[in-house]
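See below for data-v3.cif, which holds mmCIF, C-alpha atoms and all ligand atoms.
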data_data
loop_
_atom_site.label_atom_id
_atom_site.label_comp_id
_atom_site.auth_asym_id
_atom_site.auth_seq_id
_atom_site.Cartn_x
_atom_site.Cartn_y
_atom_site.Cartn_z
CA MET A 205 112.27 141.63 98.13
CA THR A 206 111.09 138.39 99.74
CA ALA A 207 113.14 135.22 99.33
CA PRO A 208 111.56 132.64 97.01
CA ARG A 209 109.72 129.98 99.00
CA THR A 210 111.21 126.50 98.98
CA PRO A 211 108.59 124.03 97.78
CA PRO A 212 107.50 121.69 100.59
CA ALA A 213 108.88 118.16 100.67
CA HIS A 214 105.47 116.60 100.09
CA ARG A 215 105.51 117.99 96.53
CA LEU A 216 107.23 114.67 95.75
CA SER A 217 107.28 111.70 98.08
CA VAL A 218 108.39 108.10 97.89
CA ALA A 219 105.53 105.88 99.07
CA PRO A 220 105.57 103.69 102.18
CA MET A 221 106.34 100.15 101.00
CA MET A 222 106.63 97.18 103.36
CA ASP A 223 109.94 95.35 103.06
CA TRP A 224 111.18 97.96 100.58
CA THR A 225 111.39 101.43 102.16
CA ASP A 226 113.47 100.45 105.17
CA ARG A 227 116.19 102.71 106.55
CA HIS A 228 118.81 101.52 104.06
CA CYS A 229 116.51 102.15 101.14
CA ARG A 230 115.68 105.63 102.41
CA TYR A 231 119.33 106.51 102.91
CA PHE A 232 120.00 105.37 99.33
CA HIS A 233 117.08 107.41 98.00
CA ARG A 234 118.32 110.42 99.94
CA GLN A 235 121.61 110.33 98.02
CA MET A 236 119.58 111.03 94.87
CA SER A 237 117.17 113.64 96.19
CA ALA A 238 117.83 115.95 99.11
CA ARG A 239 114.28 117.29 98.97
CA ALA A 240 111.75 114.49 98.44
CA LEU A 241 109.75 113.29 101.42
CA LEU A 242 110.56 109.66 102.26
CA TYR A 243 108.09 107.37 104.00
CA THR A 244 108.89 104.47 106.29
CA GLU A 245 107.33 101.07 105.91
CA MET A 246 104.08 100.81 107.88
CA VAL A 247 104.66 100.17 111.58
CA THR A 248 101.61 99.04 113.55
CA ALA A 249 100.74 100.97 116.69
CA GLN A 250 100.46 97.64 118.46
CA ALA A 251 104.03 96.65 117.52
CA LEU A 252 105.38 100.01 118.58
CA VAL A 253 103.65 100.06 121.93
CA HIS A 254 104.62 96.48 122.76
CA GLY A 255 107.86 96.13 120.82
CA ASP A 256 111.29 97.70 120.52
CA PRO A 257 110.94 101.32 119.30
CA ARG A 258 114.63 101.67 118.47
CA ARG A 259 114.51 98.68 116.16
CA LEU A 260 111.24 99.78 114.58
CA LEU A 261 111.94 103.51 114.26
CA GLY A 262 115.71 103.95 114.26
CA HIS A 263 117.07 105.85 111.29
CA ASP A 264 119.88 108.13 110.19
CA PRO A 265 119.16 111.86 110.60
CA ALA A 266 120.35 112.28 106.99
CA GLU A 267 117.15 110.54 105.87
CA ARG A 268 115.05 113.62 106.75
CA PRO A 269 112.57 114.86 105.69
CA ILE A 270 110.97 111.59 106.66
CA ALA A 271 107.42 110.46 107.42
CA LEU A 272 106.49 107.57 109.70
CA GLN A 273 103.48 105.56 108.63
CA LEU A 274 101.43 103.98 111.38
CA GLY A 275 98.79 101.27 111.10
CA GLY A 276 96.04 100.92 113.65
CA SER A 277 92.43 101.65 114.48
CA ASP A 278 92.49 102.24 118.21
CA PRO A 279 92.76 105.98 118.90
CA GLY A 280 94.33 105.45 122.33
CA LEU A 281 96.93 103.02 121.01
CA LEU A 282 97.74 105.29 118.06
CA ALA A 283 98.21 108.23 120.42
CA ARG A 284 100.63 106.15 122.51
CA ALA A 285 102.51 105.17 119.36
CA VAL A 286 102.77 108.83 118.31
CA ARG A 287 104.21 109.77 121.73
CA ILE A 288 106.76 106.96 121.46
CA ALA A 289 107.72 108.12 117.95
CA ALA A 290 107.98 111.84 118.80
CA PRO A 291 111.60 111.85 120.09
CA PHE A 292 112.81 110.03 116.96
CA GLY A 293 112.47 113.20 114.89
CA PHE A 294 109.93 112.38 112.20
CA ASP A 295 108.64 115.30 110.14
CA GLU A 296 105.25 113.69 109.61
CA ILE A 297 103.19 110.85 111.03
CA ASN A 298 100.76 109.22 108.62
CA LEU A 299 97.80 106.90 109.23
CA ASN A 300 97.44 103.98 106.79
CA VAL A 301 93.87 103.63 105.52
CA GLY A 302 94.84 101.99 102.28
CA CYS A 303 96.55 98.67 102.84
CA PRO A 304 94.32 95.71 101.92
CA SER A 305 96.34 92.73 103.17
CA ASP A 306 94.51 90.02 105.13
CA ARG A 307 96.81 90.51 108.06
CA VAL A 308 95.90 94.16 108.18
CA GLN A 309 92.17 93.52 107.70
CA SER A 310 92.05 91.04 110.55
CA GLY A 311 93.32 93.77 112.84
CA CYS A 312 90.54 95.91 111.23
CA PHE A 313 92.65 98.68 109.94
CA GLY A 314 94.23 99.72 106.67
CA ALA A 315 91.77 99.93 103.78
CA ALA A 316 88.97 98.33 105.82
CA LEU A 317 88.78 101.64 107.71
CA MET A 318 87.32 103.25 104.57
CA ARG A 319 84.03 101.79 105.90
CA THR A 320 84.28 103.61 109.23
CA PRO A 321 85.15 107.26 108.46
CA GLY A 322 84.08 108.40 111.94
CA LEU A 323 86.66 106.08 113.47
CA VAL A 324 89.33 107.38 111.07
CA ALA A 325 88.55 110.92 112.24
CA ASP A 326 88.80 109.80 115.89
CA CYS A 327 92.17 108.17 115.19
CA LEU A 328 93.48 111.30 113.46
CA ALA A 329 92.25 113.55 116.27
CA ALA A 330 93.99 111.37 118.88
CA MET A 331 97.20 111.36 116.85
CA ARG A 332 97.04 115.14 116.34
CA ASP A 333 96.60 115.70 120.09
CA ALA A 334 99.58 113.46 120.86
CA ALA A 335 101.95 114.80 118.19
CA PRO A 336 104.37 117.69 118.70
CA PRO A 337 102.97 120.86 117.05
CA ASP A 338 105.62 120.93 114.32
CA VAL A 339 104.90 117.36 113.19
CA ALA A 340 102.26 116.99 110.48
CA VAL A 341 99.65 114.28 111.04
CA THR A 342 98.39 113.00 107.70
CA LEU A 343 96.23 110.30 106.17
CA LYS A 344 96.84 107.88 103.28
CA CYS A 345 93.63 106.40 101.91
CA ARG A 346 92.04 104.74 98.91
CA ILE A 347 89.04 106.15 97.05
CA GLY A 348 86.82 103.41 98.48
CA VAL A 349 86.55 99.67 99.02
CA ASP A 350 84.44 96.95 97.39
CA ASP A 351 81.02 98.25 96.35
CA GLN A 352 81.41 101.71 97.87
CA ASN A 353 80.78 104.74 95.66
CA PRO A 354 84.02 106.76 95.66
CA GLU A 355 82.21 109.94 94.64
CA ALA A 356 80.38 109.85 97.98
CA VAL A 357 82.86 108.02 100.20
CA LEU A 358 85.98 110.07 99.56
CA PRO A 359 84.44 113.52 100.18
CA ASP A 360 82.67 112.22 103.29
CA LEU A 361 85.93 110.83 104.72
CA LEU A 362 87.87 113.99 103.91
CA ALA A 363 85.20 116.30 105.34
CA ARG A 364 85.24 114.39 108.62
CA ALA A 365 89.04 114.30 108.69
CA ALA A 366 89.31 118.02 107.90
CA ALA A 367 86.83 118.75 110.69
CA VAL A 368 89.28 117.28 113.23
CA GLY A 369 92.19 119.26 111.81
CA LEU A 370 93.61 117.14 108.98
CA ARG A 371 95.60 119.40 106.65
CA ARG A 372 97.03 116.88 104.18
CA VAL A 373 95.93 113.60 102.65
CA VAL A 374 97.55 111.18 100.22
CA VAL A 375 94.99 109.48 98.00
CA HIS A 376 95.89 106.20 96.29
CA ALA A 377 93.49 106.75 93.42
CA ARG A 378 91.93 103.30 93.17
CA LYS A 379 89.59 101.20 95.25
CA ALA A 380 90.78 98.25 97.29
CA TRP A 381 88.79 95.05 96.85
CA LEU A 382 88.96 93.40 100.22
CA GLN A 383 87.90 89.91 99.09
CA GLY A 384 89.57 87.83 96.44
CA LEU A 385 92.53 90.01 95.47
CA SER A 386 96.05 89.81 96.84
CA PRO A 387 97.69 93.07 97.99
CA LYS A 388 99.72 93.01 94.77
CA GLN A 389 96.61 92.62 92.61
CA ASN A 390 95.01 95.40 94.64
CA ARG A 391 97.74 97.70 93.35
CA GLU A 392 97.04 96.73 89.75
CA ILE A 393 93.49 95.56 89.07
CA PRO A 394 91.07 98.15 90.52
CA PRO A 395 91.16 100.95 87.93
CA LEU A 396 92.88 104.23 88.69
CA ASP A 397 90.74 107.37 88.87
CA HIS A 398 93.17 110.29 88.92
CA ASP A 399 90.43 112.61 87.76
CA LEU A 400 88.40 112.02 90.92
CA VAL A 401 91.38 113.18 92.98
CA HIS A 402 91.70 116.37 90.90
CA ARG A 403 87.96 117.05 91.34
CA THR A 404 88.30 116.39 95.06
CA LYS A 405 91.07 118.99 95.27
CA ARG A 406 88.77 121.54 93.66
CA ALA A 407 86.05 120.64 96.17
CA PHE A 408 88.49 120.93 99.12
CA PRO A 409 90.79 123.81 98.13
CA GLY A 410 92.01 124.26 101.71
CA LEU A 411 93.14 120.65 102.08
CA GLU A 412 96.54 119.65 100.71
CA ILE A 413 95.96 116.68 98.43
CA VAL A 414 98.74 114.37 97.27
CA LEU A 415 98.02 111.96 94.42
CA ASN A 416 99.35 108.40 94.45
CA GLY A 417 98.96 105.45 92.11
CA GLY A 418 100.48 104.61 88.74
CA ILE A 419 102.66 107.71 88.37
CA ALA A 420 105.54 106.38 86.29
CA GLY A 421 107.81 109.40 85.87
CA LEU A 422 108.46 113.06 86.47
CA ASP A 423 106.67 114.28 83.33
CA ALA A 424 103.45 112.78 84.66
CA ALA A 425 104.22 114.11 88.16
CA LEU A 426 104.70 117.63 86.84
CA ALA A 427 101.47 117.44 84.86
CA HIS A 428 99.52 116.58 88.04
CA LEU A 429 101.24 119.33 90.01
CA GLY A 430 100.58 121.81 87.22
CA ALA A 431 96.90 120.87 87.31
CA GLY A 432 96.63 121.99 90.92
CA LEU A 433 97.52 119.08 93.18
CA ASP A 434 99.78 119.77 96.15
CA GLY A 435 101.99 116.75 95.73
CA VAL A 436 102.59 113.43 94.05
CA MET A 437 103.64 110.21 95.75
CA ILE A 438 105.49 107.59 93.72
CA GLY A 439 105.93 104.02 94.89
CA ARG A 440 107.02 101.22 92.59
CA ALA A 441 108.58 103.39 89.90
CA ALA A 442 110.74 105.18 92.48
CA TYR A 443 111.94 101.85 93.86
CA GLN A 444 112.49 100.10 90.54
CA THR A 445 113.89 103.02 88.54
CA PRO A 446 115.26 105.27 91.30
CA ALA A 447 117.76 107.18 89.17
CA ALA A 448 115.14 108.21 86.62
CA ILE A 449 112.73 109.45 89.30
CA LEU A 450 114.91 110.75 92.10
CA ILE A 451 118.10 112.06 90.49
CA PRO A 452 116.36 114.80 88.47
CA ALA A 453 113.71 115.42 91.16
CA ASP A 454 115.37 118.25 93.06
CA ARG A 455 115.91 120.19 89.86
CA ARG A 456 112.64 119.41 88.08
CA ILE A 457 110.18 119.21 90.99
CA PHE A 458 111.78 121.47 93.59
CA GLY A 459 113.52 124.00 91.34
CA ALA A 460 117.02 123.35 92.74
CA ALA A 461 120.07 124.22 90.69
CA GLY A 462 121.87 121.39 88.87
CA PRO A 463 123.96 119.58 88.00
CA ASP A 464 122.33 116.32 88.94
CA PRO A 465 124.53 113.62 90.48
CA THR A 466 125.22 110.60 88.31
CA PRO A 467 124.42 107.03 89.33
CA PHE A 468 128.18 106.62 89.85
CA ASP A 469 128.15 109.56 92.28
CA VAL A 470 125.27 107.92 94.11
CA ALA A 471 127.11 104.60 94.39
CA ALA A 472 130.17 106.47 95.68
CA ALA A 473 128.06 108.33 98.25
CA MET A 474 126.78 104.98 99.56
CA ARG A 475 130.28 103.64 100.23
CA PRO A 476 130.88 105.22 103.67
CA TYR A 477 127.36 104.30 104.75
CA ILE A 478 127.84 100.69 103.65
CA ALA A 479 131.24 100.58 105.35
CA ARG A 480 129.65 101.71 108.65
CA HIS A 481 126.88 99.16 108.23
CA LEU A 482 129.38 96.34 107.61
CA ALA A 483 131.57 97.46 110.50
CA GLY A 484 128.52 97.24 112.76
CA GLY A 485 128.01 93.60 111.74
CA GLY A 486 125.41 94.20 109.00
CA ARG A 487 125.16 92.24 105.75
CA LEU A 488 125.97 93.88 102.44
CA HIS A 489 122.80 92.61 100.80
CA ALA A 490 120.63 94.43 103.35
CA VAL A 491 121.72 97.67 101.67
CA THR A 492 122.56 96.67 98.12
CA ARG A 493 119.25 94.84 97.52
CA HIS A 494 117.67 98.29 97.33
CA MET A 495 120.28 99.51 94.86
CA LEU A 496 119.65 96.93 92.13
CA GLY A 497 117.70 99.44 90.02
CA LEU A 498 120.33 102.20 90.17
CA PHE A 499 121.36 101.75 86.55
CA ALA A 500 117.90 100.71 85.27
CA GLY A 501 117.47 101.78 81.69
CA LEU A 502 121.18 102.48 81.30
CA PRO A 503 123.87 100.39 79.60
CA GLY A 504 125.38 97.96 82.11
CA ALA A 505 122.21 97.71 84.19
CA ARG A 506 122.06 93.94 83.84
CA ALA A 507 125.71 93.43 84.78
CA TRP A 508 125.22 95.63 87.86
CA ARG A 509 122.20 93.67 89.03
CA GLN A 510 123.87 90.33 88.33
CA VAL A 511 126.97 91.02 90.39
CA LEU A 512 125.06 92.51 93.31
CA SER A 513 122.39 89.83 93.40
CA ALA A 514 124.76 86.91 92.92
CA ARG A 515 127.35 88.00 95.47
CA GLY A 516 125.75 90.62 97.73
CA HIS A 517 124.23 88.11 100.14
CA GLU A 518 127.29 85.87 100.50
CA PRO A 519 128.53 85.78 104.09
CA GLY A 520 131.40 88.22 104.48
CA ALA A 521 130.59 90.10 101.25
CA GLY A 522 132.07 93.58 101.45
CA LEU A 523 132.68 96.73 99.45
CA GLU A 524 134.69 94.79 96.86
CA VAL A 525 131.35 93.46 95.57
CA LEU A 526 130.13 97.00 95.01
CA ASP A 527 133.40 97.85 93.26
CA ASP A 528 133.17 94.74 91.08
CA ALA A 529 129.59 95.61 90.17
CA LEU A 530 130.70 99.12 89.14
CA ALA A 531 133.55 97.64 87.12
CA ALA A 532 131.05 95.33 85.43
CA VAL A 533 128.95 98.36 84.45
CA ALA A 534 132.05 100.01 83.04
CA ARG A 535 132.94 96.90 81.02
CA ALA A 536 129.40 96.55 79.71
CA ALA A 537 129.16 100.21 78.79
CA PRO A 538 132.49 102.03 78.59
CA ALA A 539 130.68 105.14 77.34
CA VAL A 540 128.83 105.71 80.60
CA MET A 541 132.10 106.02 82.49
CA SER A 542 132.11 109.62 81.33
CA GLY A 543 129.97 109.98 84.43
CA PRO A 544 128.68 113.54 84.71
CA GLU A 545 127.16 113.51 81.26
CA ILE A 546 124.75 110.80 82.28
CA SER A 547 122.23 112.96 84.00
CA ARG A 548 122.64 116.18 82.10
CA GLY A 549 120.16 114.72 79.70
CA SER A 550 121.42 116.03 76.40
CA ARG A 551 124.20 113.74 75.28
CA GLY A 552 124.49 110.03 74.72
CA PRO A 553 122.15 107.14 75.43
CA ALA A 554 122.75 107.30 79.16
CA GLY A 555 121.71 110.95 79.36
CA ALA A 556 118.55 110.25 77.45
CA ALA A 557 117.72 107.37 79.76
CA THR A 558 117.85 109.27 83.05
CA GLY A 559 115.72 112.04 81.62
CA ALA A 560 113.18 109.66 80.11
CA GLU A 561 109.99 108.23 81.52
CA PRO A 562 110.47 104.68 82.82
CA PRO A 563 108.03 101.96 81.77
CA PRO A 564 104.77 101.76 83.76
CA ALA A 565 105.24 100.43 87.27
CA GLY A 566 104.94 96.71 87.73
CA GLY A 567 104.60 94.65 90.91
C1 LIG B 601 106.04 96.18 98.10
C2 LIG B 601 104.98 97.20 98.46
C3 LIG B 601 104.66 97.40 99.79
C4 LIG B 601 103.71 98.37 100.14
N1 LIG B 601 103.48 98.64 101.48
C5 LIG B 601 102.65 99.66 101.83
C6 LIG B 601 102.55 100.10 103.18
O1 LIG B 601 103.19 99.60 104.10
N2 LIG B 601 101.69 101.13 103.45
C7 LIG B 601 100.96 101.74 102.46
O2 LIG B 601 100.21 102.67 102.74
N3 LIG B 601 101.06 101.35 101.19
C8 LIG B 601 101.90 100.36 100.85
N4 LIG B 601 102.08 100.03 99.52
C9 LIG B 601 101.33 100.80 98.50
C10 LIG B 601 102.16 102.00 98.03
O3 LIG B 601 102.41 102.89 99.10
C11 LIG B 601 101.41 102.75 96.92
O4 LIG B 601 100.19 103.24 97.45
C12 LIG B 601 101.09 101.86 95.72
O5 LIG B 601 102.22 101.08 95.34
C13 LIG B 601 100.64 102.70 94.53
O6 LIG B 601 101.64 103.60 94.12
P1 LIG B 601 102.56 103.30 92.83
O7 LIG B 601 101.63 102.98 91.70
O8 LIG B 601 103.33 104.56 92.61
O9 LIG B 601 103.42 102.13 93.18
C14 LIG B 601 103.02 99.09 99.14
C15 LIG B 601 103.35 98.86 97.80
C16 LIG B 601 104.33 97.94 97.45
C17 LIG B 601 104.68 97.74 95.99
#
Please render this file's structure as structure tokens.
Ligand SMILES: Cc1cc2nc3c(=O)[nH]c(=O)nc-3n(C[C@H](O)[C@H](O)[C@H](O)COP(=O)(O)O)c2cc1C
Amino acid sequence: MTAPRTPPAHRLSVAPMMDWTDRHCRYFHRQMSARALLYTEMVTAQALVHGDPRRLLGHDPAERPIALQLGGSDPGLLARAVRIAAPFGFDEINLNVGCPSDRVQSGCFGAALMRTPGLVADCLAAMRDAAPPDVAVTLKCRIGVDDQNPEAVLPDLLARAAAVGLRRVVVHARKAWLQGLSPKQNREIPPLDHDLVHRTKRAFPGLEIVLNGGIAGLDAALAHLGAGLDGVMIGRAAYQTPAAILIPADRRIFGAAGPDPTPFDVAAAMRPYIARHLAGGGRLHAVTRHMLGLFAGLPGARAWRQVLSARGHEPGAGLEVLDDALAAVARAAPAVMSGPEISRGSRGPAGAATGAEPPPAGG
């Protein structure tokens, strides 16, 4: 009898998000899911080659499996960045061909690269050659930019990328409009086309295709996986409603045995990490700002957010702020103090909330 295969981490990933998915955020997310693949914020190849790699790439080994996202359009520079990153122990290195910000466009990379698929293939080939063999080199792209026709552009890009050895791509299933929209609007206004990504998977059965964009909960994620995609990537919903997405993920997406941890367990698991961070001179808010959504949708959520946001950034703030925030949750919702029932999903309003779909992702 062969052992059942463990589903790969890319079956569910948390998207790269600048200013959000830093090392503290990833450590926090890891306390909820041991299996999901976690992406870094984008780091530009330029910054890595000329800057301080330890500051830009340092992370806790407990964050693995972890993917580094690089930005750039110079194959030689990207290869150098990959060699610098190799000893840091990333499981994947990803090229950003989806970010539409002006800053990124002026360096001519990110979504603007959708116009130069040959260059994207050259970048991927250089990264592949530079990466250790056990590190996946992947691509994150849009379905097109501006007036491009996604039905033609996406298959052309993927065919070229596959020809140089790309095995996996994450597709943010909307165009980027490079003029006139802010990056935030570019995550909301161009319409989503999930169906194009499903059709693309059927056209490229040998390529692993991960869908991103507007996936608000695990029911939707499971529907996409059941329809044949290799993975789903969730961004804003995972950040804003982390307990709803990540606490049940190992059980529902990866088939792990329960029981799920509760949000209280997660807060408790963060304590030693926060203590180490504070002892090293770090500020409480640097960690707790990512934890504001931990009780989202549950009784006491507002009290939790209020205590952490009002006091977390005060100079000298320590673990007592976390404890006070937990006490405020307990006061606002004595029922949820029965902890383990929260995530088992069957009893009480709290259980229903962690098993439910969160509202559609916002900003
Ligand atoms: C605050 C923020 C920062 C982001 N930064 C990046 C980034 O550095 N690299 C990238 O490829 N995408 C970035 N994105 C886009 C997300 O990775 C993702 O593609 C997008 O939010 C759509 O997924 P969602 O609907 O699940 O949020 C960012 C999104 C947000 C909200």
Taking only C-alpha atoms and all ligand atoms into account, which residues have an atom no farther than 6 Å from ligand LIG 601 (chain B)? I'd like them as a PyMOL selection string.
chain A and resi 219-222+224+245-246+300+302-303+376+391+416-419+438-440+567
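Pairwise distance (CA of Ala251 in chain A, CA of Lys388 in chain A) equals 23.4 Å.
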A:Leu433, A:Val414, A:Leu396, A:Ala490 ranked by distance to Thr225 in chain A, top pick (using all atoms listed in the file)
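Using all atoms listed in the file, the shortest distance to Thr225 in chain A belongs to A:Ala490.
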Rank nothing, just name the residue among A:Ala514, A:Val349, A:Leu274, A:Ala289 nearest to Leu328 in chain A, using only C-alpha atoms.
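Using only C-alpha atoms, the shortest distance to Leu328 in chain A belongs to A:Leu274.
Those residues that approach Ala290 in chain A to within 12 Å, counting only C-alpha atoms, are Pro257, Leu261, Gly262, Ala271, Leu272, Ala283, Arg284, Ala285, Val286, Arg287, Ile288, Phe292, Gly293, Phe294, Asp295, Glu296, Ile297, Met331, Arg332, Ala334, Ala335, Pro336, Pro337, Asp338, Val339, Ala340 and Val341 of chain A; same-chain residues fewer than 2 positions away are not listed.
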So that I can check the surroundings of Ala380 in chain A, please list as a list of chain:residue names every protein, DNA and RNA residue that reaches within 7 Å of it, counting only C-alpha atoms and ignoring chain neighbours fewer than 2 positions away.
A:Pro304, A:Ala315, A:Arg346, A:Gly348, A:Val349, A:Asp350, A:Arg378, A:Leu382, A:Asn390, A:Pro394
From the options A:Pro476, A:Pro359, A:Gly314, A:Gly275, which residue's atoms come nearest to Pro387 in chain A, counting only C-alpha atoms?
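The shortest atom-to-atom distance to Pro387 in chain A comes from A:Gly314.
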Can you tell me, as lines of an AutoDock Vina configuration file, the centre and edge lengths (Å, one decimal) of the axis-aligned box enclosing all of range 427-443 of chain A's listed atoms after padding each side by 4 Å?
center_x = 104.3
center_y = 111.6
center_z = 90.5
size_x = 23.3
size_y = 28.8
size_z = 19.3
With all atoms listed in the file as the counted atoms, please give the residues lying no more than 10 Å from Pro269 in chain A, apart from itself and same-chain residues fewer than 5 positions off, as an MDAnalysis selection string.
chainID A and resid 212:214 217 234 238:243 293:296
In Å, how far is it from CA of Asn298 in chain A to CA of Lys344 in chain A?
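These atoms are spaced 6.8 Å apart.
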Residues at most 9 Å from Gly276 in chain A, counting all atoms listed in the file, excluding those fewer than 2 positions away in the same chain, as number ranges by chain?
A: 247-250, 274, 278-279, 281-282, 299-301, 308, 311-314, 327
Let me make sure I understand: among A:Ser237, A:Pro291, A:Ala431, A:Leu370, which one has the smallest atom-to-atom distance to Arg268 in chain A if we use all atoms listed in the file?
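The closest residue to Arg268 in chain A is A:Ser237.
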Mind filling out range 472-496 of chain A with N, CA and C atoms and sending it as an mmCIF file, in the coordinates of the input?
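File produced: rebuild-v3.cif:
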data_model
loop_
_atom_site.group_PDB
_atom_site.id
_atom_site.type_symbol
_atom_site.label_atom_id
_atom_site.label_comp_id
_atom_site.auth_asym_id
_atom_site.auth_seq_id
_atom_site.Cartn_x
_atom_site.Cartn_y
_atom_site.Cartn_z
ATOM 1 N N ALA A 472 129.026 106.028 94.870
ATOM 2 C CA ALA A 472 130.170 106.470 95.680
ATOM 3 C C ALA A 472 129.693 107.024 97.026
ATOM 4 N N ALA A 473 128.582 107.745 97.004
ATOM 5 C CA ALA A 473 128.060 108.330 98.250
ATOM 6 C C ALA A 473 127.581 107.245 99.213
ATOM 7 N N MET A 474 127.233 106.075 98.691
ATOM 8 C CA MET A 474 126.780 104.980 99.560
ATOM 9 C C MET A 474 127.938 104.255 100.237
ATOM 10 N N ARG A 475 129.137 104.420 99.711
ATOM 11 C CA ARG A 475 130.280 103.640 100.230
ATOM 12 C C ARG A 475 130.499 103.824 101.731
ATOM 13 N N PRO A 476 130.633 105.078 102.218
ATOM 14 C CA PRO A 476 130.880 105.220 103.670
ATOM 15 C C PRO A 476 129.729 104.662 104.512
ATOM 16 N N TYR A 477 128.526 104.819 104.017
ATOM 17 C CA TYR A 477 127.360 104.300 104.750
ATOM 18 C C TYR A 477 127.437 102.771 104.833
ATOM 19 N N ILE A 478 127.751 102.154 103.681
ATOM 20 C CA ILE A 478 127.840 100.690 103.650
ATOM 21 C C ILE A 478 128.996 100.224 104.548
ATOM 22 N N ALA A 479 130.097 100.961 104.509
ATOM 23 C CA ALA A 479 131.240 100.580 105.350
ATOM 24 C C ALA A 479 130.839 100.603 106.824
ATOM 25 N N ARG A 480 130.109 101.630 107.243
ATOM 26 C CA ARG A 480 129.650 101.710 108.650
ATOM 27 C C ARG A 480 128.723 100.540 108.974
ATOM 28 N N HIS A 481 127.850 100.255 108.038
ATOM 29 C CA HIS A 481 126.880 99.160 108.230
ATOM 30 C C HIS A 481 127.610 97.822 108.385
ATOM 31 N N LEU A 482 128.611 97.595 107.534
ATOM 32 C CA LEU A 482 129.380 96.340 107.610
ATOM 33 C C LEU A 482 130.175 96.285 108.909
ATOM 34 N N ALA A 483 130.760 97.426 109.272
ATOM 35 C CA ALA A 483 131.570 97.460 110.500
ATOM 36 C C ALA A 483 130.704 97.158 111.724
ATOM 37 N N GLY A 484 129.439 97.511 111.646
ATOM 38 C CA GLY A 484 128.520 97.240 112.760
ATOM 39 C C GLY A 484 127.964 95.820 112.713
ATOM 40 N N GLY A 485 128.462 94.995 111.795
ATOM 41 C CA GLY A 485 128.010 93.600 111.740
ATOM 42 C C GLY A 485 126.898 93.351 110.731
ATOM 43 N N GLY A 486 126.506 94.374 109.964
ATOM 44 C CA GLY A 486 125.410 94.200 109.000
ATOM 45 C C GLY A 486 125.864 93.468 107.747
ATOM 46 N N ARG A 487 124.886 92.950 107.014
ATOM 47 C CA ARG A 487 125.160 92.240 105.750
ATOM 48 C C ARG A 487 125.079 93.216 104.590
ATOM 49 N N LEU A 488 125.956 93.005 103.609
ATOM 50 C CA LEU A 488 125.970 93.880 102.440
ATOM 51 C C LEU A 488 124.615 93.907 101.732
ATOM 52 N N HIS A 489 124.045 92.730 101.573
ATOM 53 C CA HIS A 489 122.800 92.610 100.800
ATOM 54 C C HIS A 489 121.670 93.454 101.391
ATOM 55 N N ALA A 490 121.694 93.631 102.725
ATOM 56 C CA ALA A 490 120.630 94.430 103.350
ATOM 57 C C ALA A 490 120.570 95.821 102.748
ATOM 58 N N VAL A 491 121.701 96.337 102.305
ATOM 59 C CA VAL A 491 121.720 97.670 101.670
ATOM 60 C C VAL A 491 121.634 97.544 100.157
ATOM 61 N N THR A 492 122.454 96.669 99.584
ATOM 62 C CA THR A 492 122.560 96.670 98.120
ATOM 63 C C THR A 492 121.308 96.097 97.439
ATOM 64 N N ARG A 493 120.474 95.343 98.158
ATOM 65 C CA ARG A 493 119.250 94.840 97.520
ATOM 66 C C ARG A 493 118.363 95.992 97.059
ATOM 67 N N HIS A 494 118.476 97.136 97.737
ATOM 68 C CA HIS A 494 117.670 98.290 97.330
ATOM 69 C C HIS A 494 118.293 99.064 96.178
ATOM 70 N N MET A 495 119.544 98.727 95.867
ATOM 71 C CA MET A 495 120.280 99.510 94.860
ATOM 72 C C MET A 495 120.286 98.835 93.492
ATOM 73 N N LEU A 496 119.570 97.707 93.377
ATOM 74 C CA LEU A 496 119.650 96.930 92.130
ATOM 75 C C LEU A 496 119.176 97.734 90.923
#
